[in-house]
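Structure file data11.cif; described as mmCIF, C-alpha atoms.
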```cif
data_entry
#
loop_
_atom_site.label_atom_id
_atom_site.label_comp_id
_atom_site.auth_asym_id
_atom_site.auth_seq_id
_atom_site.Cartn_x
_atom_site.Cartn_y
_atom_site.Cartn_z
CA MET Q 29 48.04 -12.04 17.95
CA ILE Q 30 46.96 -15.66 17.74
CA SER Q 31 47.37 -17.62 20.99
CA TYR Q 32 49.18 -20.91 21.34
CA PRO Q 33 45.98 -22.95 21.97
CA GLU Q 34 44.49 -21.31 18.87
CA VAL Q 35 47.56 -22.34 16.83
CA LEU Q 36 47.20 -25.96 17.94
CA GLU Q 37 43.49 -25.95 17.13
CA GLU Q 38 44.11 -24.34 13.73
CA LEU Q 39 46.76 -26.91 12.79
CA ARG Q 40 44.59 -29.81 13.91
CA LEU Q 41 41.70 -28.51 11.78
CA LEU Q 42 44.07 -28.35 8.81
CA GLY Q 43 44.98 -31.98 9.41
CA ILE Q 44 48.62 -31.13 10.11
CA LYS Q 45 50.51 -33.54 12.34
CA PRO Q 46 53.91 -32.90 13.97
CA ARG Q 47 56.95 -34.51 12.36
CA GLY Q 48 58.04 -35.64 15.81
CA GLY Q 49 55.80 -36.99 18.59
CA ASP Q 50 52.56 -35.10 19.23
CA TYR Q 51 51.67 -31.46 19.83
CA TYR Q 52 53.06 -30.20 23.13
CA ASP Q 53 50.83 -27.93 25.19
CA PHE Q 54 53.14 -26.38 27.77
CA ARG Q 55 50.41 -24.95 30.00
CA ASP Q 56 50.67 -26.14 33.62
CA PHE Q 57 53.97 -27.89 32.90
CA PRO Q 58 57.58 -27.00 33.87
CA LEU Q 59 59.03 -23.87 32.21
CA GLU Q 60 55.55 -22.79 31.16
CA GLN Q 61 56.58 -19.13 31.25
CA GLU Q 62 59.65 -19.73 29.09
CA PHE Q 63 57.71 -21.71 26.49
CA SER Q 64 55.00 -19.04 26.47
CA ARG Q 65 57.40 -16.11 26.12
CA PHE Q 66 59.33 -17.79 23.35
CA PHE Q 67 56.15 -18.66 21.44
CA ASP Q 68 54.78 -15.10 21.75
CA PHE Q 69 58.01 -13.57 20.46
CA CYS Q 70 58.35 -16.10 17.63
CA GLN Q 71 54.77 -15.92 16.42
CA GLU Q 72 54.78 -12.13 16.44
CA TYR Q 73 58.01 -12.21 14.43
CA LEU Q 74 56.65 -14.72 11.90
CA ASP Q 75 53.57 -12.51 11.43
CA ARG Q 76 55.61 -9.43 10.48
CA SER Q 77 55.77 -8.09 6.93
CA ASP Q 78 58.13 -5.15 7.44
CA LEU Q 79 61.48 -6.95 7.54
CA GLY Q 80 62.29 -7.25 3.84
CA TYR Q 81 60.92 -10.81 3.67
CA ASP Q 82 57.50 -12.28 4.32
CA VAL Q 83 56.93 -15.86 5.47
CA ARG Q 84 53.23 -15.43 6.25
CA PRO Q 85 51.20 -17.44 6.96
CA SER Q 86 53.52 -19.29 9.33
CA ARG Q 87 53.04 -20.92 12.70
CA LEU Q 88 55.43 -22.03 15.43
CA PHE Q 89 54.64 -24.91 17.74
CA TYR Q 90 56.34 -27.42 20.02
CA ASN Q 91 56.22 -31.18 19.87
CA THR Q 92 56.56 -33.71 22.69
CA MET Q 93 60.00 -35.02 21.72
CA THR Q 94 62.52 -34.75 24.56
CA THR Q 95 65.62 -34.62 22.35
CA THR Q 96 67.13 -31.48 20.80
CA ASN Q 97 65.93 -30.56 17.34
CA GLY Q 98 63.84 -28.24 15.22
CA CYS Q 99 62.47 -28.27 11.69
CA ALA Q 100 60.88 -26.00 9.11
CA TYR Q 101 58.53 -27.02 6.31
CA HIS Q 102 55.38 -26.12 4.44
CA VAL Q 103 52.04 -27.87 4.31
CA GLY Q 104 50.24 -26.26 1.41
CA LYS Q 105 50.92 -22.55 1.78
CA THR Q 106 51.34 -22.65 5.57
CA GLY Q 107 54.90 -22.37 6.82
CA LEU Q 108 55.66 -24.33 9.97
CA VAL Q 109 58.45 -24.06 12.52
CA GLU Q 110 58.39 -27.10 14.79
CA ILE Q 111 60.57 -27.07 17.91
CA TRP Q 112 61.25 -30.20 19.93
CA LYS Q 113 60.32 -29.37 23.55
CA GLY Q 114 63.59 -30.97 24.64
CA SER Q 115 65.47 -28.11 22.95
CA VAL Q 116 64.08 -25.54 25.38
CA PHE Q 117 64.77 -27.74 28.40
CA TRP Q 118 68.25 -28.58 27.05
CA LEU Q 119 69.26 -24.94 26.82
CA TYR Q 120 67.54 -23.70 29.97
CA ASP Q 121 68.81 -26.54 32.18
CA TYR Q 122 72.34 -26.02 30.94
CA PHE Q 123 72.73 -22.24 31.14
CA LEU Q 124 70.65 -21.18 34.14
CA PRO Q 125 72.38 -23.35 36.79
CA ARG Q 126 75.69 -21.85 35.66
CA ASP Q 127 74.72 -18.25 36.34
CA ASP Q 128 76.87 -18.10 39.49
CA ARG Q 129 79.95 -18.42 37.30
CA PHE Q 130 79.45 -14.77 36.42
CA ASP Q 131 80.14 -13.91 40.07
CA ASP Q 132 83.81 -14.48 39.31
CA ALA Q 133 85.61 -11.12 39.35
CA GLN Q 134 86.86 -11.61 35.77
CA PHE Q 135 83.32 -12.01 34.43
CA GLN Q 136 81.20 -9.71 36.59
CA GLN Q 137 81.06 -7.05 33.88
CA TYR Q 138 78.75 -9.37 31.92
CA ARG Q 139 76.34 -9.46 34.84
CA THR Q 140 76.31 -5.67 34.68
CA VAL Q 141 75.59 -5.78 30.94
CA ALA Q 142 72.72 -8.27 31.28
CA SER Q 143 71.26 -6.37 34.23
CA ARG Q 144 70.63 -3.46 31.86
CA LEU Q 145 68.03 -5.76 30.28
CA GLN Q 146 66.82 -6.78 33.75
CA ILE Q 147 67.96 -10.36 33.23
CA SER Q 148 70.93 -12.48 34.31
CA PRO Q 149 73.86 -13.23 31.99
CA ALA Q 150 72.91 -16.93 31.96
CA TYR Q 151 69.39 -15.98 30.86
CA TYR Q 152 70.89 -13.78 28.12
CA LEU Q 153 72.79 -16.84 26.84
CA PHE Q 154 69.60 -18.91 27.00
CA GLN Q 155 67.65 -16.29 25.05
CA MET Q 156 70.31 -15.93 22.34
CA SER Q 157 70.45 -19.71 21.91
CA THR Q 158 66.69 -20.11 21.55
CA LEU Q 159 66.60 -17.18 19.13
CA PHE Q 160 69.22 -18.93 17.03
CA PHE Q 161 66.73 -21.81 16.68
CA LEU Q 162 63.98 -19.42 15.57
CA TYR Q 163 66.03 -17.52 13.03
CA HIS Q 164 67.73 -20.59 11.60
CA GLU Q 165 64.37 -22.25 10.92
CA THR Q 166 62.93 -18.98 9.57
CA GLY Q 167 65.85 -18.94 7.16
CA HIS Q 168 64.66 -22.29 5.84
CA LEU Q 169 61.13 -20.90 5.40
CA ILE Q 170 62.56 -18.01 3.36
CA GLN Q 171 64.47 -20.52 1.23
CA GLN Q 172 61.22 -22.38 0.56
CA GLY Q 173 59.26 -19.21 -0.31
CA GLY Q 174 57.71 -18.52 -3.69
CA ASP Q 175 57.95 -22.02 -5.10
CA ILE Q 176 56.77 -24.10 -2.15
CA GLN Q 177 58.77 -27.28 -1.92
CA GLU Q 178 57.94 -30.48 -0.08
CA ILE Q 179 61.12 -30.48 1.97
CA THR Q 180 61.65 -30.74 5.70
CA GLU Q 181 64.77 -29.16 7.19
CA TYR Q 182 65.90 -30.60 10.48
CA MET Q 183 69.11 -31.64 12.16
CA ALA Q 184 68.58 -35.38 12.54
CA LYS Q 185 67.85 -36.04 8.87
CA GLN Q 186 70.44 -38.12 7.01
CA CYS Q 187 71.67 -37.31 3.51
CA VAL Q 188 73.81 -39.11 0.95
CA GLY Q 189 75.33 -38.38 -2.43
CA ASP Q 190 74.55 -35.18 -4.33
CA ALA Q 191 71.92 -34.13 -1.77
CA ILE Q 192 74.70 -33.24 0.64
CA ARG Q 193 75.95 -30.32 -1.46
CA ILE Q 194 72.64 -28.47 -1.59
CA ARG Q 195 71.76 -29.28 2.02
CA HIS Q 196 75.10 -27.95 3.30
CA SER Q 197 74.49 -24.79 1.28
CA ARG Q 198 71.02 -24.47 2.82
CA GLU Q 199 72.42 -24.95 6.33
CA LEU Q 200 75.21 -22.42 5.93
CA ASP Q 201 72.70 -19.97 4.49
CA ALA Q 202 70.20 -20.50 7.36
CA ASP Q 203 73.05 -20.08 9.87
CA TRP Q 204 74.09 -16.87 8.10
CA PHE Q 205 70.53 -15.56 8.40
CA ALA Q 206 70.38 -16.50 12.10
CA CYS Q 207 73.69 -14.74 12.77
CA HIS Q 208 72.48 -11.64 10.96
CA CYS Q 209 69.35 -11.54 13.14
CA LEU Q 210 71.31 -12.12 16.37
CA ALA Q 211 73.70 -9.33 15.42
CA MET Q 212 70.74 -6.98 14.98
CA HIS Q 213 69.53 -7.89 18.48
CA VAL Q 214 72.92 -6.93 19.93
CA VAL Q 215 73.06 -3.65 18.01
CA MET Q 216 69.49 -2.70 18.93
CA PHE Q 217 70.22 -3.55 22.57
CA ALA Q 218 73.23 -1.21 22.61
CA GLU Q 219 71.30 1.53 20.79
CA LYS Q 220 68.38 1.23 23.20
CA LEU Q 221 70.71 1.74 26.15
CA ALA Q 222 72.32 4.74 24.48
CA GLY Q 223 69.42 6.81 25.76
CA GLN Q 224 68.36 10.18 24.44
CA ASN Q 225 71.88 11.20 23.40
CA LYS Q 226 71.95 8.12 21.08
CA VAL Q 227 75.66 7.63 21.69
CA VAL Q 228 76.41 3.91 21.77
CA ASP Q 229 78.93 2.81 24.37
CA PRO Q 230 81.59 0.81 22.45
CA GLN Q 231 82.50 -1.25 25.53
CA LEU Q 232 78.86 -2.16 26.15
CA LEU Q 233 78.46 -3.17 22.51
CA GLU Q 234 81.57 -5.36 22.63
CA GLU Q 235 80.53 -7.05 25.88
CA ALA Q 236 77.00 -7.72 24.62
CA ALA Q 237 78.49 -9.07 21.38
CA ALA Q 238 80.90 -11.32 23.29
CA LEU Q 239 77.99 -12.81 25.25
CA ALA Q 240 76.05 -13.44 22.04
CA LEU Q 241 79.05 -15.14 20.43
CA ALA Q 242 79.54 -17.22 23.57
CA ALA Q 243 75.95 -18.45 23.32
CA VAL Q 244 76.57 -19.63 19.75
CA TYR Q 245 79.96 -21.09 20.71
CA VAL Q 246 78.47 -23.17 23.54
CA PHE Q 247 75.48 -24.14 21.39
CA PHE Q 248 77.57 -25.73 18.65
CA ILE Q 249 80.06 -27.43 20.97
CA ARG Q 250 77.20 -29.05 22.88
CA LEU Q 251 75.50 -29.92 19.60
CA SER Q 252 78.50 -32.04 18.62
CA ASP Q 253 77.63 -34.34 21.54
CA GLY Q 254 81.22 -35.02 22.52
CA GLN Q 255 82.24 -36.01 19.00
CA PRO Q 256 84.89 -33.53 17.85
CA THR Q 257 86.05 -35.69 14.91
CA ILE Q 258 85.69 -33.46 11.85
CA TYR Q 259 83.79 -34.59 8.75
CA PHE Q 260 83.06 -32.66 5.56
CA ARG Q 261 80.77 -33.99 2.80
CA GLU Q 262 78.78 -36.25 5.09
CA LYS Q 263 75.32 -36.01 6.68
CA CYS Q 264 72.70 -33.30 6.05
CA HIS Q 265 74.38 -30.69 8.24
CA PRO Q 266 78.02 -29.61 8.21
CA HIS Q 267 79.95 -30.70 11.29
CA PRO Q 268 79.06 -28.48 14.30
CA LEU Q 269 82.64 -27.20 14.45
CA VAL Q 270 82.45 -26.19 10.79
CA ARG Q 271 79.19 -24.39 11.56
CA LEU Q 272 80.78 -22.80 14.61
CA SER Q 273 83.70 -21.54 12.52
CA TYR Q 274 81.63 -19.76 9.91
CA SER Q 275 79.01 -18.58 12.40
CA MET Q 276 81.65 -16.67 14.36
CA ILE Q 277 82.65 -14.91 11.14
CA PHE Q 278 79.05 -14.24 10.09
CA LEU Q 279 78.09 -12.82 13.48
CA LEU Q 280 81.12 -10.55 13.72
CA ASP Q 281 80.75 -9.35 10.12
CA ASN Q 282 77.05 -8.61 10.60
CA LEU Q 283 77.82 -6.68 13.78
CA ALA Q 284 80.42 -4.63 11.96
CA GLY Q 285 78.09 -4.01 9.04
CA ASN Q 286 75.21 -2.72 11.17
CA THR Q 287 76.94 -0.24 13.47
CA THR Q 288 79.21 2.73 13.00
CA ILE Q 289 81.26 1.59 16.01
CA LEU Q 290 84.63 0.12 15.05
CA LEU Q 291 84.59 -3.18 16.91
CA ASP Q 292 87.78 -4.95 17.88
CA GLN Q 293 86.68 -8.29 16.44
CA ARG Q 294 89.67 -10.19 17.78
CA ARG Q 295 88.98 -8.95 21.31
CA VAL Q 296 85.27 -9.80 21.05
CA LEU Q 297 86.05 -13.32 19.83
CA THR Q 298 88.70 -13.83 22.51
CA GLN Q 299 86.24 -12.75 25.20
CA ALA Q 300 83.56 -15.03 23.77
CA ILE Q 301 85.89 -18.01 23.97
CA ARG Q 302 86.86 -17.08 27.55
CA ILE Q 303 83.19 -16.88 28.55
CA SER Q 304 82.45 -20.21 26.85
CA GLU Q 305 85.36 -21.90 28.54
CA HIS Q 306 84.35 -20.52 31.93
CA ILE Q 307 80.74 -21.63 31.43
CA MET Q 308 81.57 -25.13 30.17
CA LYS Q 309 84.62 -25.99 32.22
CA ASP Q 310 83.90 -28.83 34.64
CA PRO Q 311 87.26 -29.92 36.12
CA PRO Q 312 89.18 -31.92 35.24
CA ALA Q 313 87.62 -31.60 31.76
CA ASN Q 314 87.93 -28.41 29.72
CA ILE Q 315 85.76 -29.15 26.70
CA VAL Q 316 86.16 -25.70 25.09
CA GLU Q 317 89.93 -26.02 25.19
CA GLU Q 318 89.69 -29.50 23.67
CA TYR Q 319 87.41 -28.37 20.84
CA THR Q 320 89.42 -25.21 20.21
CA LYS Q 321 92.50 -27.36 19.74
CA VAL Q 322 90.61 -29.51 17.23
CA LEU Q 323 89.55 -26.34 15.40
CA TYR Q 324 93.07 -24.99 15.14
CA THR Q 325 94.46 -28.38 14.13
CA HIS Q 326 91.97 -28.60 11.24
CA LEU Q 327 91.77 -24.88 10.48
CA ASP Q 328 93.04 -25.06 6.89
CA PRO Q 329 90.69 -27.83 5.66
CA ILE Q 330 87.78 -26.27 7.57
CA GLN Q 331 88.39 -22.87 5.95
CA ALA Q 332 88.75 -24.53 2.54
CA TYR Q 333 85.47 -26.37 2.99
CA ILE Q 334 83.65 -23.24 4.15
CA LEU Q 335 84.82 -21.44 1.00
CA GLU Q 336 83.62 -24.41 -1.03
CA ILE Q 337 80.12 -24.22 0.50
CA ILE Q 338 80.03 -20.44 0.04
CA GLY Q 339 80.93 -20.97 -3.60
CA ASP Q 340 78.05 -23.42 -3.93
CA THR Q 341 75.55 -20.89 -2.55
CA LYS Q 342 75.94 -18.80 -5.71
CA HIS Q 343 74.24 -21.57 -7.70
CA TYR Q 344 71.05 -21.68 -5.63
CA PRO Q 345 68.94 -18.51 -6.09
CA GLN Q 346 66.39 -19.65 -3.46
CA LEU Q 347 68.84 -19.13 -0.58
CA CYS Q 348 68.30 -16.25 1.87
CA ILE Q 349 71.48 -14.43 0.90
CA ASN Q 350 70.39 -14.43 -2.75
CA ARG Q 351 66.69 -13.73 -2.19
CA LEU Q 352 67.38 -10.79 0.14
CA GLU Q 353 70.26 -9.30 -1.87
CA ASN Q 354 68.23 -9.42 -5.08
CA LYS Q 355 65.13 -7.74 -3.70
CA PRO Q 356 64.25 -4.54 -5.62
#
```
Starting from the file, give its structure as structure tokens.
Amino acid sequence: MISYPEVLEELRLLGIKPRGGDYYDFRDFPLEQEFSRFFDFCQEYLDRSDLGYDVRPSRLFYNTMTTTNGCAYHVGKTGLVEIWKGSVFWLYDYFLPRDDRFDDAQFQQYRTVASRLQISPAYYLFQMSTLFFLYHETGHLIQQGGDIQEITEYMAKQCVGDAIRIRHSRELDADWFACHCLAMHVVMFAEKLAGQNKVVDPQLLEEAAALALAAVYVFFIRLSDGQPTIYFREKCHPHPLVRLSYSMIFLLDNLAGNTTILLDQRRVLTQAIRISEHIMKDPPANIVEEYTKVLYTHLDPIQAYILEIIGDTKHYPQLCINRLENKP
């Protein structure tokens, strides 16, 4: 597999410049191991051709921006996933210091689950969150496949007018793809631990699923940057709470569709919210409780808007859901 220094050299020779800052070489800098592991996993994934879609040739790299963002685009026929270095620090520095919260008697079972992977529950949350970045941006590469378009997908971009409709469809679709991929991670984890008898433990599957949902829950609440006020047809991305709402559904539905185990979806979601609240609660503030109240207060218009976006996706054949469903 191509190394990270080789990727940077290749992109420089192609005359490709980052959309944010400069290229970030993580070697000999903080979190070097985390940046390296994430790159290795991502690049190996982008190089695969056995998943029902093919985004080759594609490269992942980091830029020097310290804020939280990511983008996906093509230069010629080369697909690019660009991750702001601040995204990795943002997730790692939030989750890892909170690992001791799983020492609470009510949450120790999640430490047991994560230990089966030889990691901590906080690191599990960190991994799921970074993977969401990868799969969301890969979803955008799939959307751009075939007829390469000069379009850059990233969170900070502003949109107005008719562009909002298609961009919200693209974002929902990329989130759906990311949730599908995360669900497969959870299922494969449970199947791996089933051992030679191949009997999946339903409780283990539910607990691993609850942790994955919690990672997404925390991700979107933090992404809203303390601004719970709901908007609909504004900006390039749907409001983080709108994205949170449909992502919970997508993740649970993809879990149910890829295992023969009958999951108690309500229990999994309830546990995910409990984990999120426990992770994020910093007395006297309880941000998860505050945002959950906003969600329930606006549940009807949020659900109506989600259905509206889903309806729009039927008109755009380049979306992941349409490309993958229509494959022969």
What are the centre and the three edge lengths of an axis-aligned box that wraps all atoms of segment 219-232 of chain Q in the file, given that 5 Å is added to every side, written as JSON and rounded to one decimal in Å?
```
{"center_x": 75.4, "center_y": 4.5, "center_z": 23.5, "size_x": 24.1, "size_y": 23.4, "size_z": 15.4}
```
Output as JSON lines one row per residue of segment 151-178 of chain Q within 8 Å of segment 121-140 of chain Q: the closest atom pair and its distance in Å to one decimal place, counting all atoms listed in the file, sorted by chain and residue number ascending.
```
{"residue": "Q:Tyr151", "atom": "CA", "partner": "Q:Leu124", "partner_atom": "CA", "distance": 6.3}
{"residue": "Q:Leu153", "atom": "CA", "partner": "Q:Phe123", "partner_atom": "CA", "distance": 6.9}
{"residue": "Q:Phe154", "atom": "CA", "partner": "Q:Phe123", "partner_atom": "CA", "distance": 6.2}
```
Requested in this report: Using atom CA of Ala284 of chain Q and atom CA of Ile349 of chain Q as the two end points, give the distance in Å to one decimal.
Outcome: 17.3 Å
**Report entry** atom CA of Pro85 of chain Q to atom CA of Thr106 of chain Q, distance in Å rounded to a single decimal
**Finding:**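 Answer for the atom CA of Pro85 of chain Q to atom CA of Thr106 of chain Q separation: 5.4 Å.
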Query - Q:Phe57, Q:Phe217, Q:Phe205, Q:Tyr259 ranked by distance to Tyr274 of chain Q, top pick (using only C-alpha atoms) - result: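 Of Q:Phe57, Q:Phe217, Q:Phe205, Q:Tyr259, the one nearest Tyr274 of chain Q is Q:Phe205, counting only C-alpha atoms.
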Please tabulate, as a Markdown table, the residues of segment 266-318 of chain Q that come within 9 Å of segment 325-336 of chain Q, each with its closest pair of atoms and the distance in Å to one decimal, counting only C-alpha atoms and ordering rows by chain, then residue number upward.
```
| residue | atom | partner | partner_atom | distance |
| --- | --- | --- | --- | --- |
| Q:Leu269 | CA | Q:Ile330 | CA | 8.6 |
| Q:Val270 | CA | Q:Ile330 | CA | 6.2 |
| Q:Arg271 | CA | Q:Ile334 | CA | 8.7 |
| Q:Ser273 | CA | Q:Ile330 | CA | 8.0 |
| Q:Tyr274 | CA | Q:Ile334 | CA | 7.0 |
```
Provide segment 96-113 of chain Q of the preceding structure as a file containing N, CA and C atoms, as a PDB file, in the first residue's frame.
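That gives us result-v5.pdb:
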```
ATOM      1  N   THR Q  96     -12.457  22.010  12.608  1.00  0.00           N
ATOM      2  CA  THR Q  96     -13.044  20.701  12.336  1.00  0.00           C
ATOM      3  C   THR Q  96     -13.743  20.705  10.988  1.00  0.00           C
ATOM      4  N   ASN Q  97     -13.256  19.897  10.060  1.00  0.00           N
ATOM      5  CA  ASN Q  97     -13.874  19.862   8.743  1.00  0.00           C
ATOM      6  C   ASN Q  97     -13.281  18.723   7.927  1.00  0.00           C
ATOM      7  N   GLY Q  98     -13.876  18.484   6.799  1.00  0.00           N
ATOM      8  CA  GLY Q  98     -13.382  17.501   5.844  1.00  0.00           C
ATOM      9  C   GLY Q  98     -14.011  17.819   4.505  1.00  0.00           C
ATOM     10  N   CYS Q  99     -13.410  17.373   3.416  1.00  0.00           N
ATOM     11  CA  CYS Q  99     -14.021  17.602   2.113  1.00  0.00           C
ATOM     12  C   CYS Q  99     -13.631  16.485   1.156  1.00  0.00           C
ATOM     13  N   ALA Q 100     -14.431  16.362   0.098  1.00  0.00           N
ATOM     14  CA  ALA Q 100     -14.187  15.350  -0.927  1.00  0.00           C
ATOM     15  C   ALA Q 100     -14.376  15.997  -2.288  1.00  0.00           C
ATOM     16  N   TYR Q 101     -13.447  15.714  -3.210  1.00  0.00           N
ATOM     17  CA  TYR Q 101     -13.525  16.320  -4.537  1.00  0.00           C
ATOM     18  C   TYR Q 101     -12.627  15.541  -5.485  1.00  0.00           C
ATOM     19  N   HIS Q 102     -12.733  15.879  -6.752  1.00  0.00           N
ATOM     20  CA  HIS Q 102     -11.871  15.273  -7.767  1.00  0.00           C
ATOM     21  C   HIS Q 102     -11.001  16.343  -8.409  1.00  0.00           C
ATOM     22  N   VAL Q 103      -9.777  15.984  -8.700  1.00  0.00           N
ATOM     23  CA  VAL Q 103      -8.920  16.765  -9.584  1.00  0.00           C
ATOM     24  C   VAL Q 103      -8.580  15.834 -10.737  1.00  0.00           C
ATOM     25  N   GLY Q 104      -9.114  16.125 -11.908  1.00  0.00           N
ATOM     26  CA  GLY Q 104      -9.017  15.172 -13.000  1.00  0.00           C
ATOM     27  C   GLY Q 104      -9.773  13.912 -12.623  1.00  0.00           C
ATOM     28  N   LYS Q 105      -9.121  12.777 -12.705  1.00  0.00           N
ATOM     29  CA  LYS Q 105      -9.761  11.513 -12.347  1.00  0.00           C
ATOM     30  C   LYS Q 105      -9.391  11.044 -10.941  1.00  0.00           C
ATOM     31  N   THR Q 106      -8.603  11.838 -10.225  1.00  0.00           N
ATOM     32  CA  THR Q 106      -8.167  11.453  -8.883  1.00  0.00           C
ATOM     33  C   THR Q 106      -9.157  11.945  -7.837  1.00  0.00           C
ATOM     34  N   GLY Q 107      -9.718  11.019  -7.075  1.00  0.00           N
ATOM     35  CA  GLY Q 107     -10.592  11.389  -5.977  1.00  0.00           C
ATOM     36  C   GLY Q 107      -9.773  11.744  -4.749  1.00  0.00           C
ATOM     37  N   LEU Q 108     -10.201  12.760  -4.030  1.00  0.00           N
ATOM     38  CA  LEU Q 108      -9.447  13.239  -2.875  1.00  0.00           C
ATOM     39  C   LEU Q 108     -10.358  13.391  -1.662  1.00  0.00           C
ATOM     40  N   VAL Q 109      -9.898  12.839  -0.547  1.00  0.00           N
ATOM     41  CA  VAL Q 109     -10.552  13.054   0.737  1.00  0.00           C
ATOM     42  C   VAL Q 109      -9.566  13.838   1.588  1.00  0.00           C
ATOM     43  N   GLU Q 110      -9.935  15.059   1.921  1.00  0.00           N
ATOM     44  CA  GLU Q 110      -9.061  15.962   2.666  1.00  0.00           C
ATOM     45  C   GLU Q 110      -9.638  16.170   4.059  1.00  0.00           C
ATOM     46  N   ILE Q 111      -8.869  15.848   5.074  1.00  0.00           N
ATOM     47  CA  ILE Q 111      -9.323  15.947   6.460  1.00  0.00           C
ATOM     48  C   ILE Q 111      -8.533  17.040   7.172  1.00  0.00           C
ATOM     49  N   TRP Q 112      -9.237  17.992   7.749  1.00  0.00           N
ATOM     50  CA  TRP Q 112      -8.586  19.011   8.560  1.00  0.00           C
ATOM     51  C   TRP Q 112      -7.949  18.314   9.776  1.00  0.00           C
ATOM     52  N   LYS Q 113      -6.681  18.604  10.062  1.00  0.00           N
ATOM     53  CA  LYS Q 113      -6.010  17.929  11.181  1.00  0.00           C
ATOM     54  C   LYS Q 113      -6.730  18.208  12.496  1.00  0.00           C
TER      55      LYS Q 113
END
```
